[in-house]
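Below is one structure; the comments refer to it alone.
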Amino acid sequence: MQGVRPVRAERVGEWDLEADVVVVGYGIAGVCAAIEAARAGADVLVLERTGGWGGAAALSGGWIYLGGGTGLQRALGFEDSPENMRVFMTAALGPQVDTAKIDAYCTGSVEHYGWLVDAGVVFKEEFWAEPGWEVPHDEGLGYSGGENAAPFNDVATPAPRGHVPQMSDKRTGVRGAGFKLMEPLVDTAQALQVRAEYDMRVRALVTDGARVAGVVARRYGKDVAVQARRGVVLASGSFAYNEDMVAAYAPRLVGRPAAAISEHDGAGILMAQGVGAALAHMDATEVAFFGDPQMMARGILVNGRGQRFIAEDTYGGRIGQSVLIQQDNQAYLVMDERAHEEALGTETSTPYFRQPPTWVAETAEELEAEMGLPAGALVSTVAVYNRHAAQGRDPLLNKKRQWLRPLEGPIAAWDMHGFTAGFTLGGLRTDVHSRVLHADGDPIPGLFAAGRCTSGVCAGGYASGTSLGDGSFFGRRAGVSAAR
């Protein structure tokens with residue numbers, strides 16, 4: 001894709017606004033950059049294209065990925081270390097993760113947790129033990145990346161790292177705990193005299209020679225030139241809602257964006273490309289799978305050939321990636337009546353993504369025929385699963401013992417073809433100091449970035465909370481670097 005050409009400073013004339021550090025975007029990366037830049041002594045101005053702060057972070061479920069032995073982990077009796085966290089993240093978020101970023105993130109995670117708490121973010125000392133896309137109540141800690149499921153529970157010692165700000169009366173996709181992450185951070189920024197201008201659509205960078213010296217924005221039909229005396233921080237989100245970019249870089253997501261907002265149109269990436277910025281992992285995507293984790297863990301998932309292909313109790317995003325990328329977006333959930341009743345009836349159940357079964361039958365043979373699968377395909381899958389489940393084992397895919405039980409009696413299946421959507425993980429190549437790197441490998445003077453407009457700790461795989469964690473952690477570094 002062709003970048004957006006910058007505007008030369010000599011063509012600007014007079015600046016309409018100015019600051020030491022100009023931050024583009026008032027989501028999680030932007031607010032953390034603004035706080036740290038202000039604390040470093042800079043005059044900070046945030047430009048937000050919508051009518052208020054928050055971005056995708058404020059609408060999210062609030063998972064923020066932290067570990068290494070945070071205060072919350074220790075208070076709830078879980079042991080973790082930066083090295084254990086590093087091993088998991090390297091295995092789960094690849095291939096070809098940025099090891100320097102992973103190292104920095106894991107080493108600094110405990111300090112970052114303390115920084116968030118000091119800024120007013122509240123994490124309740126209670127553990128959520130069930131599988132689920134989001135914590136439905138106000139518990140503060142849970143497994144958010146499949147750390148306790150195959151294949152990662154044999155790679156690193158399982159430790160829950162999904163930290164969730166305390167919030168009651170949550171509503172999935174409408175009113176999530178991400179708001180309670182953003183609110184105290186914005187209050188902190190405002191207390192530091194960070195200024196904000198809203199309804200500002202930044203259109204291009206301004207360059208003074210090789211250095212980025214500001215931006216040109218558009219508001220109410222008029223151009224607004226904004227000078228950045230020390231640096232510009234791009235925190236403008238992913239390209240999930242730029243149809244041309246998705247088609248060019250991540251075509252599997254064409255027509256199925258999710259977990260993002262329409263403002264995630266790749267504008268920051270295109271502007272940085274215009275000054276020669278390098279990109280990384282543009283094909284990497286997180287893929288949500290719209291199935292209830294409580295149901296999937298108790299049943300079996302089969303592909304279009306009637307075969308199991310993944311441990312059903314693993315992280316839902318890992319299931320989604322497998323379905324979309326490896327199974328041609330085809331999947332069926334198979335459960336017996338008892339398993340279904342258990343999933344629906346538990347006090348700790350998560351009522352997300354539930355629908356009636358597509359087929360119901362008395363036996364696996366009848367179900368197989370109704371589904372139109374080859375004779376014997378599903379029957380043999382159920383038989384093998386049942387044989388080992390009766391012994392509390394799953395030698396094929398290593399689902400945990402607690403979810404293993406033979407499927408017996410009336411049996412049902414849910415057609416889950418196309419139950420996937422996602423967002424992009426690739427973006428600008430930055431270093432551990434959040435400096436945007438030129439295609440030649442050198443930092444671009446005056447330009448910094450963090451959050452989903454960059455390629456962060458996720459290079460292919462994903463764990464819920466890494467977007468908010470990565471954005472806030474490297475957003476802070478962007479603010480410090482820009483202020484200096």
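Chain labels run A, B, ... following the order of the structure tokens; each chain numbers its residues from 1, and ligands are numbered from 1 in the order shown.
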
Produce a table with one row for each residue of stretch 79-196 of chain A that has an atom at most 9 Å from any atom of stretch 4-27 of chain A, each row naming the nearest atom pair and its distance in Å at one decimal; use only C-alpha atoms; arrange rows by chain and rising residue number; format as CSV.
```
residue,atom,partner,partner_atom,distance
A:Met182,CA,A:Gly27,CA,7.6
A:Val186,CA,A:Tyr26,CA,8.8
A:Ala196,CA,A:Tyr26,CA,8.5
```

Write the residues of the selection above to a file with N, CA, C and O atoms, as a tab-separated table (two decimals), in the first residue's frame.
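Result file is result_30.tsv:
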```
chain	number	residue	atom	x	y	z
A	182	MET	N	-9.53	2.88	31.41
A	182	MET	CA	-9.26	4.17	30.80
A	182	MET	C	-9.59	5.35	31.72
A	182	MET	O	-8.85	6.35	31.75
A	186	VAL	N	-7.17	8.64	32.24
A	186	VAL	CA	-7.51	9.97	31.70
A	186	VAL	C	-7.53	11.00	32.81
A	186	VAL	O	-7.05	12.14	32.65
A	196	ALA	N	-6.33	18.23	25.42
A	196	ALA	CA	-6.92	17.37	24.40
A	196	ALA	C	-7.79	18.19	23.47
A	196	ALA	O	-8.50	19.10	23.91
```

Do you know which residues are at most 7 Å from A:Asp336 counting only C-alpha atoms, after dropping those on the same chain fewer than 6 positions away, and could you put them as a ChimeraX atom specification? /A:407-412

Separation of atom CA of A:Ala191 and atom CA of A:Gly51, in Å?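 Computing it gives 20.1 Å between the two atoms.
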
Selection near A:Met271, 10 Å with only C-alpha atoms, sequence-local residues under 6 positions removed, as a PyMOL selection string: chain A and resi 2-6+202-206+215+234+277

Write the selection just made, keeping all heavy atoms, as a short mmCIF file (atom, residue, chain, number, x, y, z; two decimals), in the first residue's frame?
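File written: again_6.cif
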```cif
data_model
loop_
_atom_site.label_atom_id
_atom_site.label_comp_id
_atom_site.auth_asym_id
_atom_site.auth_seq_id
_atom_site.Cartn_x
_atom_site.Cartn_y
_atom_site.Cartn_z
N GLN A 2 0.46 2.29 -0.72
CA GLN A 2 1.21 3.53 -0.78
C GLN A 2 0.90 4.38 0.44
O GLN A 2 -0.25 4.53 0.85
CB GLN A 2 0.85 4.29 -2.06
CG GLN A 2 1.71 5.52 -2.29
CD GLN A 2 1.42 6.14 -3.64
OE1 GLN A 2 0.50 5.72 -4.33
NE2 GLN A 2 2.20 7.14 -4.02
N GLY A 3 1.94 4.96 1.04
CA GLY A 3 1.74 5.79 2.21
C GLY A 3 1.20 7.17 1.86
O GLY A 3 1.10 7.55 0.69
N VAL A 4 0.86 7.92 2.90
CA VAL A 4 0.38 9.29 2.75
C VAL A 4 1.57 10.22 2.77
O VAL A 4 2.32 10.25 3.75
CB VAL A 4 -0.62 9.64 3.87
CG1 VAL A 4 -1.04 11.11 3.76
CG2 VAL A 4 -1.83 8.73 3.83
N ARG A 5 1.74 10.99 1.70
CA ARG A 5 2.90 11.87 1.60
C ARG A 5 2.86 12.92 2.71
O ARG A 5 1.80 13.51 2.99
CB ARG A 5 2.94 12.56 0.24
CG ARG A 5 3.20 11.61 -0.92
CD ARG A 5 3.16 12.37 -2.24
NE ARG A 5 4.20 13.37 -2.31
CZ ARG A 5 5.44 13.13 -2.72
NH1 ARG A 5 5.80 11.91 -3.10
NH2 ARG A 5 6.35 14.09 -2.78
N PRO A 6 4.00 13.22 3.34
CA PRO A 6 4.03 14.24 4.37
C PRO A 6 3.97 15.65 3.77
O PRO A 6 4.19 15.85 2.58
CB PRO A 6 5.38 13.99 5.06
CG PRO A 6 6.24 13.43 3.96
CD PRO A 6 5.32 12.58 3.12
N VAL A 202 -6.44 13.51 12.01
CA VAL A 202 -5.08 13.77 11.54
C VAL A 202 -4.91 13.13 10.16
O VAL A 202 -5.20 11.95 9.96
CB VAL A 202 -4.04 13.23 12.53
CG1 VAL A 202 -2.63 13.45 11.99
CG2 VAL A 202 -4.20 13.93 13.88
N ARG A 203 -4.42 13.94 9.21
CA ARG A 203 -4.37 13.50 7.82
C ARG A 203 -2.96 13.26 7.31
O ARG A 203 -2.76 12.48 6.38
CB ARG A 203 -5.07 14.54 6.93
CG ARG A 203 -6.51 14.81 7.33
CD ARG A 203 -7.12 15.90 6.49
NE ARG A 203 -7.23 15.52 5.09
CZ ARG A 203 -7.59 16.35 4.12
NH1 ARG A 203 -7.85 17.62 4.39
NH2 ARG A 203 -7.69 15.92 2.88
N ALA A 204 -1.96 13.96 7.87
CA ALA A 204 -0.59 13.82 7.36
C ALA A 204 0.40 14.28 8.41
O ALA A 204 0.07 15.09 9.30
CB ALA A 204 -0.41 14.63 6.07
N LEU A 205 1.60 13.77 8.31
CA LEU A 205 2.69 14.25 9.14
C LEU A 205 3.31 15.47 8.48
O LEU A 205 3.24 15.65 7.26
CB LEU A 205 3.75 13.16 9.30
CG LEU A 205 3.31 11.87 10.00
CD1 LEU A 205 4.42 10.84 9.95
CD2 LEU A 205 2.88 12.15 11.44
N VAL A 206 3.93 16.30 9.30
CA VAL A 206 4.68 17.44 8.80
C VAL A 206 6.16 17.18 9.07
O VAL A 206 6.53 16.78 10.18
CB VAL A 206 4.25 18.74 9.50
CG1 VAL A 206 5.11 19.92 9.01
CG2 VAL A 206 2.77 19.03 9.24
N VAL A 215 1.83 17.66 12.70
CA VAL A 215 0.81 16.99 11.90
C VAL A 215 -0.14 18.03 11.32
O VAL A 215 -0.23 19.16 11.82
CB VAL A 215 -0.01 15.97 12.73
CG1 VAL A 215 0.89 14.91 13.34
CG2 VAL A 215 -0.82 16.68 13.81
N LEU A 234 2.24 8.35 17.48
CA LEU A 234 1.08 7.76 16.81
C LEU A 234 0.50 6.67 17.69
O LEU A 234 1.19 5.71 18.04
CB LEU A 234 1.48 7.19 15.45
CG LEU A 234 1.99 8.20 14.41
CD1 LEU A 234 2.46 7.47 13.16
CD2 LEU A 234 0.92 9.22 14.07
N ALA A 277 8.57 4.65 6.93
CA ALA A 277 8.51 3.70 8.03
C ALA A 277 8.41 2.26 7.55
O ALA A 277 7.74 1.96 6.55
CB ALA A 277 7.33 4.02 8.94
#
```

Close residues, A:Leu72 itself excluded, 12 Å, only C-alpha atoms, min 6 positions apart in chain, as a PyMOL selection string: chain A and resi 66+78-80+110+113-114+117+122-127+139-142+159-165

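Across A:Thr70, A:Ser322, A:Pro131, A:Ala450, the tightest approach to A:Thr107 is made by A:Thr70 when counting only C-alpha atoms.
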
Please identify all polymer residues within 12 Å of stretch 166-181 of chain A, counting only C-alpha atoms, omitting same-chain residues fewer than 2 positions from it, and present them as a ChimeraX atom specification. /A:27-29,31-32,53-64,113,116-117,119-127,132-141,163-164,183-188,258-261,350-353,465,467-469,472

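Taking atom CA of A:Pro95 and atom CA of A:His417 as the two end points, the separation is 26.4 Å.
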
Env of stretch 374-389 of chain A: 10 Å cut, atoms = only C-alpha atoms, seq-sep filter 6 positions within chain, self excluded. Answer as a CSV table (one decimal) with all heavy atoms, in the first residue's frame.
```csv
chain,number,residue,atom,x,y,z
A,300,ILE,N,-17.1,-31.6,22.0
A,300,ILE,CA,-15.9,-31.8,21.1
A,300,ILE,C,-16.2,-30.9,19.8
A,300,ILE,O,-17.3,-30.7,19.4
A,300,ILE,CB,-15.7,-33.3,20.6
A,300,ILE,CG1,-16.9,-33.8,19.9
A,300,ILE,CG2,-15.3,-34.1,21.9
A,300,ILE,CD1,-16.7,-35.2,19.3
A,302,VAL,N,-15.3,-30.5,15.9
A,302,VAL,CA,-14.9,-31.3,14.7
A,302,VAL,C,-14.9,-30.4,13.5
A,302,VAL,O,-15.7,-29.4,13.4
A,302,VAL,CB,-15.7,-32.6,14.5
A,302,VAL,CG1,-15.7,-33.5,15.7
A,302,VAL,CG2,-17.2,-32.2,14.1
A,303,ASN,N,-14.1,-30.8,12.5
A,303,ASN,CA,-14.0,-30.0,11.3
A,303,ASN,C,-15.0,-30.6,10.2
A,303,ASN,O,-15.8,-31.4,10.5
A,303,ASN,CB,-12.6,-30.0,10.8
A,303,ASN,CG,-12.0,-31.4,10.5
A,303,ASN,OD1,-12.8,-32.3,10.3
A,303,ASN,ND2,-10.7,-31.5,10.5
A,304,GLY,N,-14.8,-30.1,9.0
A,304,GLY,CA,-15.7,-30.6,7.9
A,304,GLY,C,-15.6,-32.0,7.6
A,304,GLY,O,-16.4,-32.6,6.8
A,305,ARG,N,-14.6,-32.7,8.1
A,305,ARG,CA,-14.4,-34.1,7.9
A,305,ARG,C,-14.8,-34.9,9.1
A,305,ARG,O,-14.6,-36.1,9.2
A,305,ARG,CB,-12.9,-34.4,7.6
A,305,ARG,CG,-12.5,-33.7,6.3
A,305,ARG,CD,-11.0,-34.1,6.0
A,305,ARG,NE,-10.1,-33.6,7.1
A,305,ARG,CZ,-9.7,-32.3,7.2
A,305,ARG,NH1,-10.1,-31.4,6.3
A,305,ARG,NH2,-8.9,-31.9,8.1
A,306,GLY,N,-15.4,-34.3,10.1
A,306,GLY,CA,-15.9,-35.0,11.3
A,306,GLY,C,-14.8,-35.3,12.3
A,306,GLY,O,-15.0,-36.2,13.2
A,307,GLN,N,-13.6,-34.7,12.2
A,307,GLN,CA,-12.4,-35.0,13.0
A,307,GLN,C,-12.2,-33.9,14.0
A,307,GLN,O,-12.3,-32.7,13.7
A,307,GLN,CB,-11.2,-35.2,12.1
A,307,GLN,CG,-11.3,-36.3,11.1
A,307,GLN,CD,-10.3,-36.2,10.0
A,307,GLN,OE1,-9.8,-35.1,9.7
A,307,GLN,NE2,-9.9,-37.3,9.5
A,308,ARG,N,-11.8,-34.3,15.2
A,308,ARG,CA,-11.3,-33.3,16.2
A,308,ARG,C,-10.0,-32.7,15.7
A,308,ARG,O,-9.2,-33.4,15.1
A,308,ARG,CB,-11.1,-33.9,17.6
A,308,ARG,CG,-12.4,-34.3,18.3
A,308,ARG,CD,-12.1,-34.9,19.6
A,308,ARG,NE,-11.5,-33.9,20.6
A,308,ARG,CZ,-10.6,-34.2,21.5
A,308,ARG,NH1,-10.0,-35.4,21.5
A,308,ARG,NH2,-10.2,-33.3,22.3
A,334,VAL,N,-20.1,-30.6,19.0
A,334,VAL,CA,-20.9,-31.8,19.3
A,334,VAL,C,-21.0,-32.0,20.8
A,334,VAL,O,-19.9,-32.0,21.5
A,334,VAL,CB,-20.4,-33.0,18.6
A,334,VAL,CG1,-21.2,-34.3,19.0
A,334,VAL,CG2,-20.3,-32.8,17.1
A,363,THR,N,-28.4,-40.9,18.4
A,363,THR,CA,-27.1,-41.6,18.4
A,363,THR,C,-26.2,-40.8,17.5
A,363,THR,O,-26.6,-39.9,16.7
A,363,THR,CB,-27.3,-43.0,17.8
A,363,THR,OG1,-27.6,-42.9,16.4
A,363,THR,CG2,-28.3,-43.8,18.6
A,364,ALA,N,-24.9,-41.1,17.6
A,364,ALA,CA,-23.9,-40.5,16.8
A,364,ALA,C,-24.1,-40.8,15.3
A,364,ALA,O,-23.8,-40.0,14.4
A,364,ALA,CB,-22.5,-40.9,17.3
A,365,GLU,N,-24.5,-42.1,15.1
A,365,GLU,CA,-24.8,-42.5,13.7
A,365,GLU,C,-25.9,-41.6,13.0
A,365,GLU,O,-25.7,-41.2,11.9
A,365,GLU,CB,-25.2,-44.0,13.6
A,365,GLU,CG,-24.1,-44.9,14.0
A,365,GLU,CD,-24.0,-45.2,15.5
A,365,GLU,OE1,-24.6,-44.5,16.3
A,365,GLU,OE2,-23.3,-46.2,15.8
A,366,GLU,N,-26.9,-41.4,13.8
A,366,GLU,CA,-28.0,-40.6,13.2
A,366,GLU,C,-27.6,-39.1,13.0
A,366,GLU,O,-27.9,-38.5,12.0
A,366,GLU,CB,-29.3,-40.7,14.1
A,366,GLU,CG,-29.9,-42.0,14.2
A,366,GLU,CD,-31.1,-42.1,15.2
A,366,GLU,OE1,-31.4,-41.0,15.8
A,366,GLU,OE2,-31.6,-43.2,15.4
A,367,LEU,N,-26.8,-38.6,14.0
A,367,LEU,CA,-26.4,-37.3,13.9
A,367,LEU,C,-25.5,-37.1,12.7
A,367,LEU,O,-25.6,-36.1,12.0
A,367,LEU,CB,-25.6,-36.9,15.2
A,367,LEU,CG,-25.2,-35.4,15.3
A,367,LEU,CD1,-26.3,-34.5,15.3
A,367,LEU,CD2,-24.3,-35.2,16.6
A,368,GLU,N,-24.6,-38.0,12.5
A,368,GLU,CA,-23.6,-38.0,11.4
A,368,GLU,C,-24.4,-37.9,10.1
A,368,GLU,O,-24.0,-37.1,9.2
A,368,GLU,CB,-22.8,-39.2,11.5
A,368,GLU,CG,-21.8,-39.4,10.3
A,368,GLU,CD,-21.1,-40.8,10.5
A,368,GLU,OE1,-21.7,-41.8,10.2
A,368,GLU,OE2,-19.9,-40.7,11.0
A,395,PRO,N,-5.3,-38.6,24.7
A,395,PRO,CA,-4.0,-38.7,24.2
A,395,PRO,C,-3.8,-38.0,22.8
A,395,PRO,O,-2.7,-37.7,22.4
A,395,PRO,CB,-3.8,-40.2,24.0
A,395,PRO,CG,-5.2,-40.7,23.9
A,395,PRO,CD,-6.0,-39.9,24.8
A,396,LEU,N,-4.9,-37.7,22.1
A,396,LEU,CA,-4.8,-37.0,20.8
A,396,LEU,C,-4.5,-35.5,20.9
A,396,LEU,O,-3.6,-35.0,20.3
A,396,LEU,CB,-6.1,-37.2,20.0
A,396,LEU,CG,-6.3,-38.6,19.5
A,396,LEU,CD1,-7.7,-38.7,18.7
A,396,LEU,CD2,-5.2,-39.1,18.5
A,399,LYS,N,-6.9,-32.5,26.1
A,399,LYS,CA,-7.8,-31.7,26.8
A,399,LYS,C,-7.7,-32.1,28.3
A,399,LYS,O,-7.4,-33.2,28.6
A,399,LYS,CB,-9.2,-31.9,26.3
A,399,LYS,CG,-10.3,-31.1,27.1
A,399,LYS,CD,-11.6,-30.9,26.3
A,399,LYS,CE,-12.4,-32.1,26.2
A,399,LYS,NZ,-13.7,-31.8,25.5
A,401,ARG,N,-8.3,-33.1,32.1
A,401,ARG,CA,-9.1,-34.2,32.7
A,401,ARG,C,-10.4,-33.7,33.2
A,401,ARG,O,-11.4,-34.4,33.1
A,401,ARG,CB,-8.3,-34.9,33.8
A,401,ARG,CG,-9.0,-36.1,34.4
A,401,ARG,CD,-8.2,-36.7,35.6
A,401,ARG,NE,-8.9,-37.8,36.2
A,401,ARG,CZ,-8.5,-39.1,35.9
A,401,ARG,NH1,-7.5,-39.3,35.0
A,401,ARG,NH2,-9.2,-40.1,36.4
A,403,TRP,N,-12.6,-31.8,32.1
A,403,TRP,CA,-13.6,-31.7,31.1
A,403,TRP,C,-13.9,-33.0,30.4
A,403,TRP,O,-14.8,-33.0,29.5
A,403,TRP,CB,-13.2,-30.6,30.1
A,403,TRP,CG,-12.9,-29.3,30.7
A,403,TRP,CD1,-11.6,-28.7,30.7
A,403,TRP,CD2,-13.7,-28.4,31.4
A,403,TRP,NE1,-11.7,-27.5,31.3
A,403,TRP,CE2,-13.0,-27.3,31.8
A,403,TRP,CE3,-15.1,-28.5,31.7
A,403,TRP,CZ2,-13.5,-26.2,32.5
A,403,TRP,CZ3,-15.7,-27.4,32.4
A,403,TRP,CH2,-14.9,-26.3,32.8
A,404,LEU,N,-13.2,-34.1,30.7
A,404,LEU,CA,-13.4,-35.3,30.0
A,404,LEU,C,-14.5,-36.2,30.5
A,404,LEU,O,-14.5,-36.5,31.7
A,404,LEU,CB,-12.0,-36.1,30.0
A,404,LEU,CG,-10.9,-35.4,29.2
A,404,LEU,CD1,-9.6,-36.2,29.4
A,404,LEU,CD2,-11.2,-35.4,27.7
A,405,ARG,N,-15.4,-36.6,29.7
A,405,ARG,CA,-16.5,-37.5,30.0
A,405,ARG,C,-17.0,-38.0,28.7
A,405,ARG,O,-17.2,-37.3,27.7
A,405,ARG,CB,-17.6,-36.8,30.8
A,405,ARG,CG,-18.7,-37.7,31.3
A,405,ARG,CD,-19.8,-37.0,31.9
A,405,ARG,NE,-20.4,-36.0,31.1
A,405,ARG,CZ,-21.2,-36.2,30.1
A,405,ARG,NH1,-21.6,-37.5,29.8
A,405,ARG,NH2,-21.7,-35.2,29.4
A,406,PRO,N,-17.3,-39.3,28.6
A,406,PRO,CA,-17.9,-39.9,27.3
A,406,PRO,C,-19.2,-39.2,27.0
A,406,PRO,O,-20.0,-38.9,27.9
A,406,PRO,CB,-18.1,-41.4,27.7
A,406,PRO,CG,-17.1,-41.7,28.8
A,406,PRO,CD,-17.0,-40.4,29.6
A,407,LEU,N,-19.4,-39.0,25.7
A,407,LEU,CA,-20.7,-38.4,25.2
A,407,LEU,C,-21.6,-39.6,25.0
A,407,LEU,O,-21.4,-40.5,24.3
A,407,LEU,CB,-20.4,-37.7,23.9
A,407,LEU,CG,-19.4,-36.6,23.9
A,407,LEU,CD1,-19.2,-36.0,22.5
A,407,LEU,CD2,-19.8,-35.5,24.9
A,408,GLU,N,-22.8,-39.5,25.7
A,408,GLU,CA,-23.7,-40.6,25.7
A,408,GLU,C,-25.1,-40.1,25.6
A,408,GLU,O,-25.5,-39.0,25.9
A,408,GLU,CB,-23.6,-41.4,27.0
A,408,GLU,CG,-22.2,-42.0,27.3
A,408,GLU,CD,-22.0,-42.5,28.7
A,408,GLU,OE1,-22.8,-42.0,29.6
A,408,GLU,OE2,-21.2,-43.4,28.9
```

Quote the spacing between atom CA of A:Gly461 and atom CA of A:Val233 in Å to one decimal place.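 Pair atom CA of A:Gly461 / atom CA of A:Val233 returns 25.9 Å.
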
From the set A:Ala331, A:Val457, A:Leu301, A:Ala463, which residue has the shortest atom-to-atom contact distance to A:Asp103, counting only C-alpha atoms?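 Checking each of A:Ala331, A:Val457, A:Leu301, A:Ala463 against A:Asp103, counting only C-alpha atoms, the winner is A:Val457.
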
Of the listed residues A:Gly146, A:Gly274, A:Pro356, A:Gly68, that which approaches A:Pro293 most closely, counting only C-alpha atoms: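 Of all the options, A:Gly146 lies closest to A:Pro293.
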